[in-house]
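Encoded as structure tokens, the structure appears first; notes follow it.
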Amino acid sequence: MTGARVMNRIVAVCVGLGAVCAASAAEFSKDWKIVYSDRASGADMGTESGLGRLAREIAEDLEEATGFKPPVIRQSQAAAGTRGLWLGAPAAKHAGFEFADWTRMRNAYAATNGSVYCFGNDRQGSKSMQWSEVHRVLLPSGRAAMRFMRDVVGALYVMPGRTGAVVPKREKIELADGAFRAEDPQVFFGSSRGSLSYSYANADFPRGTFHDYGGHSFPAAVPKELFKDHPDYFAMNREGKRFAIPGRHSTPLCISNPEVQERVFLEAKKHFDDGADICQVAQDDGDVRCFCPKCRELYGTGDDWGEKFWLFHRKLAERLEKACPGKLVYIMSYALTALPPKSFRKFPSNVMIQMCDYSPASFDRWRSHEVPGGYLVYLYLWGNYPLPGYTPKRSFDALQDLARLLRRENVRGVYRCGSTGLEAIEGPQYYVFNRLLCDPDA
């Protein structure tokens with residue numbers, strides 16, 4: 001819905017409310033509250049948990065800015081006429097905003113009737129999630145709230161946690177009545193599991209409705225523990241023996257085995273049935289070939305295992321497209337699948353590709369292929385991998401060049417390989433890169 005149509009709707013609501021809409025601005029004052037959607041007002045458990053946590057963090061930031069800490073309440077507890085900062089879709093819908101067709105991280109904050117509303121279509125990405133797993137919730141309303149804090153309050157979130165919040169002192173915080181500021185970020189997936197304020201302020205979005213394995217789904221579909229009873233699930237070596245690798249969490253699979261194919265399919269379908277919109281499908285690390293006769297004959301590719309895996313993944317995607325309409329799978333271009341497929345140029349409509357080589361030359365190799373869902377990248381820039389470990393690995397100019405490349409190539413998500421968290425040394429790079437993802441020319 002366009003901003004103009006939203007504003008027309010707000011005007012209609014205000015006419016119906018009469019004198020209640022006399023305020024010319026939503027101005028922070030000591031009668032303000034921070035109100036978040038809860039289950040009693042129409043949100044799900046994950047949304048209530050995530051927005052509640054974010055609301056409490058914002059209250060501390062507003063106290064730092066103004067000296068007054070606004071009370072945080074659930075929407076179902078809010079009395080009629082409550083003014084304040086409202087987080088979540090139910091309140092915004094009640095206030096007259098229309099955004100039913102918004103997807104992913106599309107969000108807005110807007111002022112009407114003396115209050116500010118931060119909204120998008122929030123929902124938990126897993127029916128089986130725990131209360132504390134707020135990284136498994138899609139929270140565009142949270143992104144809108146943090147944009148309000150940055151744009152209107154002037155707060156910056158340069159590192160996770162309270163010490164990373166830089167909040168200026170403010171005599172007045174206000175937003176003109178009728179203001180409407182929307183955003184539809186190209187990058188809507190990150191891999192953050194840290195501070196919600198930092199994550200949503202800086203576009204390092206938690207996984208939300210993605211199900212991500214950190215790289216490889218095959219070990220979850222066919223765990224090595226099955227080897228004792230089902231050695232035929234696992235790869236055959238050159239000597240003709242089935243094997244499992246000692247001391248390793250996974251081992252190569254026999255992908256011609258129909259039961260293995262079924263288990264890989266069911267592993268993805270399980271997460272779609274549990275609420276995920278997008279699920280990773282990816283072979284394991286290293287040389288994952290099986291030397292049994294049936295695998296060699298599979299798809300007629302002989303010893304070309306890169307092509308064999310592409311055809312395996314395409315057939316799996318076609319099956320999931322029928323079984324789970326509207327859901328997306330993302331396939332890693334990695335190791336044996338580092339190069340694009342040769343036998344076909346067009347992927348099914350439910351496919352995204354995760355690039356582990358995100359150089360300009362690699363994207364050029366994909367130029368002749370049609371990838372309907374766009375791309376993700378698997379970054380190797382920070383953390384304990386690769387060498388030289390926990391040290392800055394790119395200049396700020398190089399990070400800007402990378403952000404511009406990702407924008408040009410329709411990259412929709414960024415996964416960071418290796419554990420991060422050494423904020424004292426690498427933190428400035430995290431912050432700059434996350435901000436550049438939304439505005440590569442900043």
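The chains in the structure tokens are called A, B, ... from first to last as shown; in each chain the residues are counted from 1, and the ligands are counted from 1 in the order shown.
Around A:Lys30, within 10 Å and counting only C-alpha atoms, the residues found are Glu27, Phe28, Trp32, Lys33, Thr66, Phe68, Lys69, Pro70, Pro71, Arg83 and Gly84 of chain A, once anything fewer than 2 positions away on its own chain is removed.
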Write down as a PyMOL selection string the residues belonging to stretch 42-115 of chain A that are assigned strand (DSSP E) by DSSP computed on the backbone. chain A and resi 72-74+84-87+107-112+115
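Of the residues listed (A:Pro440, A:Gly96, A:Gly88, A:Gly67), A:Gly88 shows the shortest atom-to-atom separation from A:Ser141; distances use only C-alpha atoms.
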Find the residues around A:Arg207 up to 8 Å (only C-alpha atoms counted), leave out those fewer than 2 positions away in its own chain, and share them as a PyMOL selection string. chain A and resi 135-138+189-192+205+209-212
Could you save those same residues with N, CA and C atoms as a PDB file, in the first residue's frame?
```pdb
ATOM      1  N   HIS A 135      15.423 -15.037  18.454  1.00  0.00           N
ATOM      2  CA  HIS A 135      16.073 -15.006  17.142  1.00  0.00           C
ATOM      3  C   HIS A 135      15.279 -15.805  16.117  1.00  0.00           C
ATOM      4  N   ARG A 136      14.292 -16.579  16.552  1.00  0.00           N
ATOM      5  CA  ARG A 136      13.479 -17.374  15.631  1.00  0.00           C
ATOM      6  C   ARG A 136      12.124 -16.706  15.346  1.00  0.00           C
ATOM      7  N   VAL A 137      12.086 -15.394  15.485  1.00  0.00           N
ATOM      8  CA  VAL A 137      10.862 -14.627  15.241  1.00  0.00           C
ATOM      9  C   VAL A 137      11.143 -13.565  14.180  1.00  0.00           C
ATOM     10  N   LEU A 138      10.250 -13.426  13.226  1.00  0.00           N
ATOM     11  CA  LEU A 138      10.331 -12.367  12.225  1.00  0.00           C
ATOM     12  C   LEU A 138       9.703 -11.115  12.828  1.00  0.00           C
ATOM     13  N   PHE A 189      17.752 -11.163   5.852  1.00  0.00           N
ATOM     14  CA  PHE A 189      18.216 -12.273   6.684  1.00  0.00           C
ATOM     15  C   PHE A 189      19.662 -12.034   7.094  1.00  0.00           C
ATOM     16  N   GLY A 190      19.925 -12.163   8.382  1.00  0.00           N
ATOM     17  CA  GLY A 190      21.283 -12.154   8.896  1.00  0.00           C
ATOM     18  C   GLY A 190      21.469 -13.404   9.737  1.00  0.00           C
ATOM     19  N   SER A 191      22.413 -13.387  10.627  1.00  0.00           N
ATOM     20  CA  SER A 191      22.597 -14.564  11.481  1.00  0.00           C
ATOM     21  C   SER A 191      22.784 -14.165  12.936  1.00  0.00           C
ATOM     22  N   SER A 192      22.257 -12.993  13.295  1.00  0.00           N
ATOM     23  CA  SER A 192      22.445 -12.497  14.652  1.00  0.00           C
ATOM     24  C   SER A 192      21.654 -13.317  15.661  1.00  0.00           C
ATOM     25  N   PHE A 205      19.820  -8.924  10.914  1.00  0.00           N
ATOM     26  CA  PHE A 205      18.563  -9.492  11.387  1.00  0.00           C
ATOM     27  C   PHE A 205      18.738 -10.937  11.862  1.00  0.00           C
ATOM     28  N   THR A 209      12.081 -16.334  10.081  1.00  0.00           N
ATOM     29  CA  THR A 209      11.377 -17.457   9.459  1.00  0.00           C
ATOM     30  C   THR A 209      12.287 -18.277   8.554  1.00  0.00           C
ATOM     31  N   PHE A 210      13.601 -18.021   8.599  1.00  0.00           N
ATOM     32  CA  PHE A 210      14.582 -18.894   7.947  1.00  0.00           C
ATOM     33  C   PHE A 210      14.881 -20.074   8.871  1.00  0.00           C
ATOM     34  N   HIS A 211      15.118 -21.255   8.277  1.00  0.00           N
ATOM     35  CA  HIS A 211      15.751 -22.317   9.062  1.00  0.00           C
ATOM     36  C   HIS A 211      17.119 -22.546   8.448  1.00  0.00           C
ATOM     37  N   ASP A 212      18.142 -22.261   9.235  1.00  0.00           N
ATOM     38  CA  ASP A 212      19.518 -22.316   8.758  1.00  0.00           C
ATOM     39  C   ASP A 212      20.322 -23.278   9.627  1.00  0.00           C
TER      40      ASP A 212
END
```
For stretch 153-168 of chain A, find every residue with an atom within 12 Å (counting only C-alpha atoms), except residues of its own chain fewer than 6 positions away, and show them as a VMD selection string. chain A and resid 27 to 28 54 56 to 67 145 to 147 174 to 175 192 to 204 420 to 435
Can you list, as a ChimeraX atom specification, every residue of stretch 237-360 of chain A that DSSP puts in alpha helix (DSSP H)? /A:258-273,293-297,305-323,360
Just checking: using only C-alpha atoms, which residue out of A:Phe243, A:Tyr390, A:Thr301, A:Val187 ends up closest to A:Ala403? A:Val187
